[in-house]
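Here's the structure, in structure tokens; my notes come after.
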Amino acid sequence: MAVTLSVVIAVILVALIFDFTNGFHDSANAMAGPIATGALKPRTAVVIAAVLNLVGACLSTEVAKTISGGLFDDSLISASVILAGLVGAIIWNLLTWLVGLPSSSSHALFGGLIGAVIVGAGLASINGSVIVSKILLPAVVAPLVAGFAALLATKIAYRATRRTPSAHTEGGFKYGQAFTASLVALAHGTSDGQKTMGVITLVLVTAGFQSSGTGPQWWVILAAGLAIGLGTYSGGWRIMRTMGKGVVEIETPQGAASGAATSATILASAHLGFGLSTTQVATGAIVGSGIGRRGALIRWATARRMVVAWLLTLPGAALVGGLAALLADRGVVGVIVLLALLAVASLVIWRISRRNQINADNVTDGHEVLVLSTTPPPTYVEENQLDDRKHGRSRAKGAA
């Protein structure tokens with residue numbers, strides 16, 4: 001029992017670390033837009049998001065129940081296997097944060113767990129129908145729904161205010177954008193905050209500390225909510241830059257429309273127990289709002305890189321989780337080695353990120369996230385000047 005208890009404690013701590021990475025990885029989903037447009041100051045935005053993530057995590061447990069009692073046969077898996085899955089998810093989250101790609105923390109978690117469970121317990125322990133209905137189908141449908149809703153909302157917003165001076169509408173849309181971004185943060189807590197609750201509950205069930213089929217205990221809900229809230233407060237500024245400046249040049253009407261579409265989609269999915277990706281929903285809404293605004297600059301190259309990251313997240317995290325399971329399955333020594341490797345990998349990634357640091361003071365200075373390059377990224381003003389020169393050359397060619 002002592003060995004089992006030590007592994008269970010390790011898994012719970014690593015699950016909360018994953019929840020922290022989920023917070024800073026996904027804080028951009030809610031607050032990248034209002035920060036980019038100036039509707040909210042960066043520090044104010046992450047404080048609001050952190051508090052609402054904590055509140056949202058305490059509002060519902062449907063997604064947690066899906067993870068703890070639906071994805072896997074808890075009688076066939078062990079705490080060490082779950083630990084391996086969490087390691088795969090954390091490593092994937094840190095790598096994509098380093099390069100500024102808003103990949104799905106949810107799919108990193110599911111992928112890491114699936115890979116670890118396959119290696120540690122076999123395919124028979126996975127409920128394929130639940131994974132398809134609760135994870136894969138929402139991953140395809142939800143971003144499209146949010147994007148289409150944001151497109152329509154953006155068109156309506158611009159059409160309704162086309163005769164009103166922009167000086168009069170700007171302030172109103174800033175308040176609207178701050179409000180809808182707050183709703184997204186609340187919705188993120190109700191969805192992603194529950195995923196760690198579900199993992200911890202699954203660990204307690206597999207170790208015999210909790211009955212199968214029961215929901216998360218109050219201390220699990222509180223701990224998960226605090227972890228994701230603290231992670232959100234830390235900012236995740238590298239992904240914040242990509243979401244706010246890297247995909248679409250956002251104006252306040254777009255931001256308000258995309259925030260409303262994102263929050264409605266996430267809240268509805270959380271109520272149904274779908275383990276969808278809030279990152280994919282938020283990105284789909286941002287792109288949809290860009291399409292809805294005539295003349296908006298959409299960087300399709302960045303959007304394509306993000307889609308590639310989405311496609312690689314499940315198998316990539318599953319591969320890391322599966323390799324981690326080979327170590328975790330070797331008892332306490334294997335668990336210790338795995339935790340040491342996680343600590344080393346995290347430290348290396350953090351040290352690399354310090355070469356081109358992005359923080360609250362420079363998050364809106366450009367749209368590129370540099371990793372190893374020593375060339376400073378262009379400022380926002382310099383980017384606009386480059387775009388103007390490119391457009392001027394294209395117009396000159398057209399006139400010729």
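How things are named: the first chain in the structure tokens is A, the next is B, and so on; residues count from 1 in each chain; ligands count from 1 in the order shown.
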Mind checking which residues fall within 7 Å of segment 136-153 of chain A, counting only C-alpha atoms, ignoring those fewer than 6 positions away in the same chain, and posting them as JSON, numbers by chain? {"A": [257, 258, 261, 262, 265, 274, 276, 277, 280, 281, 284, 285, 287, 288, 289, 291, 292]}
Those same residues - C-alpha atoms - I'd like them written as a PDB file, in the first residue's frame.
```pdb
ATOM      1  CA  ALA A 257     -18.056  38.423 -31.911  1.00  0.00           C
ATOM      2  CA  SER A 258     -15.419  35.685 -31.694  1.00  0.00           C
ATOM      3  CA  ALA A 261     -19.115  32.393 -30.395  1.00  0.00           C
ATOM      4  CA  THR A 262     -16.312  30.699 -28.451  1.00  0.00           C
ATOM      5  CA  THR A 265     -19.711  26.645 -28.080  1.00  0.00           C
ATOM      6  CA  PHE A 274     -17.711  16.602 -24.591  1.00  0.00           C
ATOM      7  CA  LEU A 276     -13.427  19.313 -26.836  1.00  0.00           C
ATOM      8  CA  SER A 277     -10.421  21.550 -27.367  1.00  0.00           C
ATOM      9  CA  GLN A 280      -9.426  24.836 -31.494  1.00  0.00           C
ATOM     10  CA  VAL A 281     -12.784  26.460 -30.773  1.00  0.00           C
ATOM     11  CA  GLY A 284     -11.838  28.716 -35.289  1.00  0.00           C
ATOM     12  CA  ALA A 285     -13.842  31.678 -33.963  1.00  0.00           C
ATOM     13  CA  VAL A 287     -10.448  32.947 -38.112  1.00  0.00           C
ATOM     14  CA  GLY A 288     -14.211  33.108 -38.691  1.00  0.00           C
ATOM     15  CA  SER A 289     -14.292  36.688 -37.411  1.00  0.00           C
ATOM     16  CA  ILE A 291     -13.367  36.128 -42.746  1.00  0.00           C
ATOM     17  CA  GLY A 292     -16.441  38.039 -41.609  1.00  0.00           C
TER      18      GLY A 292
END
```
Backbone DSSP call of helix (DSSP H, G or I) for segment 273-375 of chain A, listed as a count of residues only: 70
I'd like the neighbourhood of Ala260 of chain A as a list in words, where a residue qualifies if any of its atoms comes within 8 Å (using only C-alpha atoms), though same-chain residues fewer than 3 positions away should be ignored. Ala150, Thr180, Ala181, Leu183, Val184, Ala256, Ala257, Ser263 and Ala264 of chain A
Applying 8 Å and only C-alpha atoms, which residues near Val119 of chain A remain after dropping the ones on its own chain fewer than 2 positions away? List them as a PyMOL selection string. chain A and resi 115-117+121-122+322+325-326
Of the residues A:Leu319, A:Ala227, A:Leu222, A:Val247, which is the one nearest to Asn22 of chain A, using only C-alpha atoms? A:Ala227
List the neighbours of Leu338 of chain A out to 8 Å using only C-alpha atoms; skip same-chain residues closer than 4 positions along the sequence, and give me the result as a ChimeraX atom specification. /A:84,324,327-328,334,342
Those same residues, written as a PDB file, in the first residue's frame with C-alpha atoms?
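New file out10.pdb:
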```pdb
ATOM      1  CA  ALA A  84       3.103   8.285 -18.017  1.00  0.00           C
ATOM      2  CA  ALA A 324       6.983   7.100 -20.736  1.00  0.00           C
ATOM      3  CA  LEU A 327       9.645   3.443 -17.857  1.00  0.00           C
ATOM      4  CA  ALA A 328       6.735   3.876 -15.458  1.00  0.00           C
ATOM      5  CA  GLY A 334      11.006   3.643 -13.196  1.00  0.00           C
ATOM      6  CA  LEU A 342      10.352  15.302 -16.922  1.00  0.00           C
TER       7      LEU A 342
END
```
Selection near Phe179 of chain A, 12 Å with only C-alpha atoms, sequence-local residues under 3 positions removed, as a PyMOL selection string: chain A and resi 30-31+33-34+39-40+45+48-49+52+172-176+182-186+252+255-260+263
Go ahead and save the residues from that selection, with N, CA and C atoms, as a PDB file, in the first residue's frame.
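again-v7.pdb, written as the output of this step:
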```pdb
ATOM      1  N   ALA A  30      -8.925  33.066 -24.239  1.00  0.00           N
ATOM      2  CA  ALA A  30      -9.861  34.093 -23.792  1.00  0.00           C
ATOM      3  C   ALA A  30      -9.322  35.498 -23.988  1.00  0.00           C
ATOM      4  N   MET A  31      -8.054  35.711 -23.674  1.00  0.00           N
ATOM      5  CA  MET A  31      -7.567  37.072 -23.503  1.00  0.00           C
ATOM      6  C   MET A  31      -6.642  37.589 -24.591  1.00  0.00           C
ATOM      7  N   GLY A  33      -7.369  38.298 -27.707  1.00  0.00           N
ATOM      8  CA  GLY A  33      -8.084  39.324 -28.463  1.00  0.00           C
ATOM      9  C   GLY A  33      -8.152  40.654 -27.758  1.00  0.00           C
ATOM     10  N   PRO A  34      -8.692  40.719 -26.517  1.00  0.00           N
ATOM     11  CA  PRO A  34      -8.762  42.008 -25.833  1.00  0.00           C
ATOM     12  C   PRO A  34      -7.412  42.624 -25.533  1.00  0.00           C
ATOM     13  N   ALA A  39      -8.424  46.411 -25.382  1.00  0.00           N
ATOM     14  CA  ALA A  39      -9.628  46.429 -24.550  1.00  0.00           C
ATOM     15  C   ALA A  39      -9.302  46.139 -23.090  1.00  0.00           C
ATOM     16  N   LEU A  40      -8.276  45.339 -22.858  1.00  0.00           N
ATOM     17  CA  LEU A  40      -7.808  45.052 -21.502  1.00  0.00           C
ATOM     18  C   LEU A  40      -6.285  45.111 -21.475  1.00  0.00           C
ATOM     19  N   ALA A  45      -5.985  41.424 -17.758  1.00  0.00           N
ATOM     20  CA  ALA A  45      -6.651  40.348 -18.486  1.00  0.00           C
ATOM     21  C   ALA A  45      -6.377  38.988 -17.858  1.00  0.00           C
ATOM     22  N   ILE A  48      -8.243  38.526 -14.480  1.00  0.00           N
ATOM     23  CA  ILE A  48      -9.659  38.213 -14.705  1.00  0.00           C
ATOM     24  C   ILE A  48      -9.808  36.764 -15.153  1.00  0.00           C
ATOM     25  N   ALA A  49      -8.984  36.349 -16.113  1.00  0.00           N
ATOM     26  CA  ALA A  49      -9.076  34.985 -16.635  1.00  0.00           C
ATOM     27  C   ALA A  49      -8.777  33.955 -15.556  1.00  0.00           C
ATOM     28  N   LEU A  52     -11.788  33.643 -13.154  1.00  0.00           N
ATOM     29  CA  LEU A  52     -12.942  33.007 -13.796  1.00  0.00           C
ATOM     30  C   LEU A  52     -12.667  31.551 -14.147  1.00  0.00           C
ATOM     31  N   GLY A 172     -17.830  51.004 -26.864  1.00  0.00           N
ATOM     32  CA  GLY A 172     -18.833  49.981 -26.593  1.00  0.00           C
ATOM     33  C   GLY A 172     -18.354  48.589 -26.939  1.00  0.00           C
ATOM     34  N   PHE A 173     -17.675  48.460 -28.083  1.00  0.00           N
ATOM     35  CA  PHE A 173     -17.169  47.146 -28.479  1.00  0.00           C
ATOM     36  C   PHE A 173     -16.031  46.688 -27.567  1.00  0.00           C
ATOM     37  N   LYS A 174     -15.263  47.625 -27.020  1.00  0.00           N
ATOM     38  CA  LYS A 174     -14.211  47.230 -26.083  1.00  0.00           C
ATOM     39  C   LYS A 174     -14.821  46.618 -24.823  1.00  0.00           C
ATOM     40  N   TYR A 175     -15.880  47.257 -24.324  1.00  0.00           N
ATOM     41  CA  TYR A 175     -16.576  46.673 -23.170  1.00  0.00           C
ATOM     42  C   TYR A 175     -17.164  45.307 -23.536  1.00  0.00           C
ATOM     43  N   GLY A 176     -17.739  45.219 -24.741  1.00  0.00           N
ATOM     44  CA  GLY A 176     -18.302  43.950 -25.189  1.00  0.00           C
ATOM     45  C   GLY A 176     -17.253  42.872 -25.333  1.00  0.00           C
ATOM     46  N   SER A 182     -14.310  37.384 -20.895  1.00  0.00           N
ATOM     47  CA  SER A 182     -14.525  36.863 -19.544  1.00  0.00           C
ATOM     48  C   SER A 182     -15.396  35.609 -19.576  1.00  0.00           C
ATOM     49  N   LEU A 183     -16.395  35.609 -20.462  1.00  0.00           N
ATOM     50  CA  LEU A 183     -17.225  34.416 -20.614  1.00  0.00           C
ATOM     51  C   LEU A 183     -16.404  33.228 -21.115  1.00  0.00           C
ATOM     52  N   VAL A 184     -15.472  33.489 -22.041  1.00  0.00           N
ATOM     53  CA  VAL A 184     -14.614  32.412 -22.541  1.00  0.00           C
ATOM     54  C   VAL A 184     -13.760  31.849 -21.407  1.00  0.00           C
ATOM     55  N   ALA A 185     -13.209  32.732 -20.560  1.00  0.00           N
ATOM     56  CA  ALA A 185     -12.403  32.267 -19.426  1.00  0.00           C
ATOM     57  C   ALA A 185     -13.238  31.408 -18.485  1.00  0.00           C
ATOM     58  N   LEU A 186     -14.471  31.843 -18.227  1.00  0.00           N
ATOM     59  CA  LEU A 186     -15.368  31.052 -17.380  1.00  0.00           C
ATOM     60  C   LEU A 186     -15.672  29.709 -18.029  1.00  0.00           C
ATOM     61  N   THR A 252     -11.961  45.453 -32.452  1.00  0.00           N
ATOM     62  CA  THR A 252     -12.833  45.178 -31.311  1.00  0.00           C
ATOM     63  C   THR A 252     -14.164  44.516 -31.691  1.00  0.00           C
ATOM     64  N   GLY A 255     -13.353  40.915 -32.067  1.00  0.00           N
ATOM     65  CA  GLY A 255     -13.047  40.293 -30.793  1.00  0.00           C
ATOM     66  C   GLY A 255     -14.297  39.977 -29.995  1.00  0.00           C
ATOM     67  N   ALA A 256     -15.244  40.916 -29.982  1.00  0.00           N
ATOM     68  CA  ALA A 256     -16.492  40.676 -29.256  1.00  0.00           C
ATOM     69  C   ALA A 256     -17.271  39.526 -29.878  1.00  0.00           C
ATOM     70  N   ALA A 257     -17.313  39.474 -31.219  1.00  0.00           N
ATOM     71  CA  ALA A 257     -18.056  38.423 -31.911  1.00  0.00           C
ATOM     72  C   ALA A 257     -17.413  37.055 -31.708  1.00  0.00           C
ATOM     73  N   SER A 258     -16.095  36.978 -31.849  1.00  0.00           N
ATOM     74  CA  SER A 258     -15.419  35.685 -31.694  1.00  0.00           C
ATOM     75  C   SER A 258     -15.500  35.195 -30.254  1.00  0.00           C
ATOM     76  N   GLY A 259     -15.437  36.114 -29.280  1.00  0.00           N
ATOM     77  CA  GLY A 259     -15.566  35.715 -27.887  1.00  0.00           C
ATOM     78  C   GLY A 259     -16.933  35.142 -27.571  1.00  0.00           C
ATOM     79  N   ALA A 260     -17.974  35.768 -28.125  1.00  0.00           N
ATOM     80  CA  ALA A 260     -19.330  35.267 -27.897  1.00  0.00           C
ATOM     81  C   ALA A 260     -19.507  33.879 -28.508  1.00  0.00           C
ATOM     82  N   SER A 263     -17.416  31.230 -26.344  1.00  0.00           N
ATOM     83  CA  SER A 263     -17.997  30.893 -25.043  1.00  0.00           C
ATOM     84  C   SER A 263     -19.270  30.069 -25.194  1.00  0.00           C
TER      85      SER A 263
END
```
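Distance check against Thr364 of chain A using only C-alpha atoms: of A:Gly295, A:Arg241, A:Thr196, A:Ala282, the minimum falls on A:Arg241.
Interatomic distance, atom CA of Thr154 of chain A to atom CA of Thr96 of chain A: 29.4 Å.
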Which residue, A:Val320, A:Ile358, A:Thr4, A:Ile135, has the smallest gap to Ser269 of chain A when you use only C-alpha atoms? A:Ile135
Write out as a PyMOL selection string which residues come within 9 Å of Val203 of chain A when counting only C-alpha atoms, dropping same-chain ones fewer than 2 positions away. chain A and resi 8+11-12+68+74+78-79+82-83+198-201+205-210
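Distances from A:Asn356, A:Val14, A:Met306, A:Met197 to Trp218 of chain A were compared using only C-alpha atoms, and the smallest one belongs to A:Met197.
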So how many Å separate atom CA of Thr190 of chain A and atom CA of Leu54 of chain A, to one decimal? 8.8 Å
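Among the candidates A:Leu71, A:Ala28, A:Leu123, A:Ala50, the one nearest to Gly189 of chain A when counting only C-alpha atoms is A:Ala50.
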Select, from A:Leu226, A:Leu314, A:Val7, A:Val55, the residue with the minimum atom-to-atom distance to Ile131 of chain A, counting only C-alpha atoms. A:Leu314
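Rounded to one decimal, atom CA of Met243 of chain A and atom CA of Ile286 of chain A lie 8.2 Å from each other.
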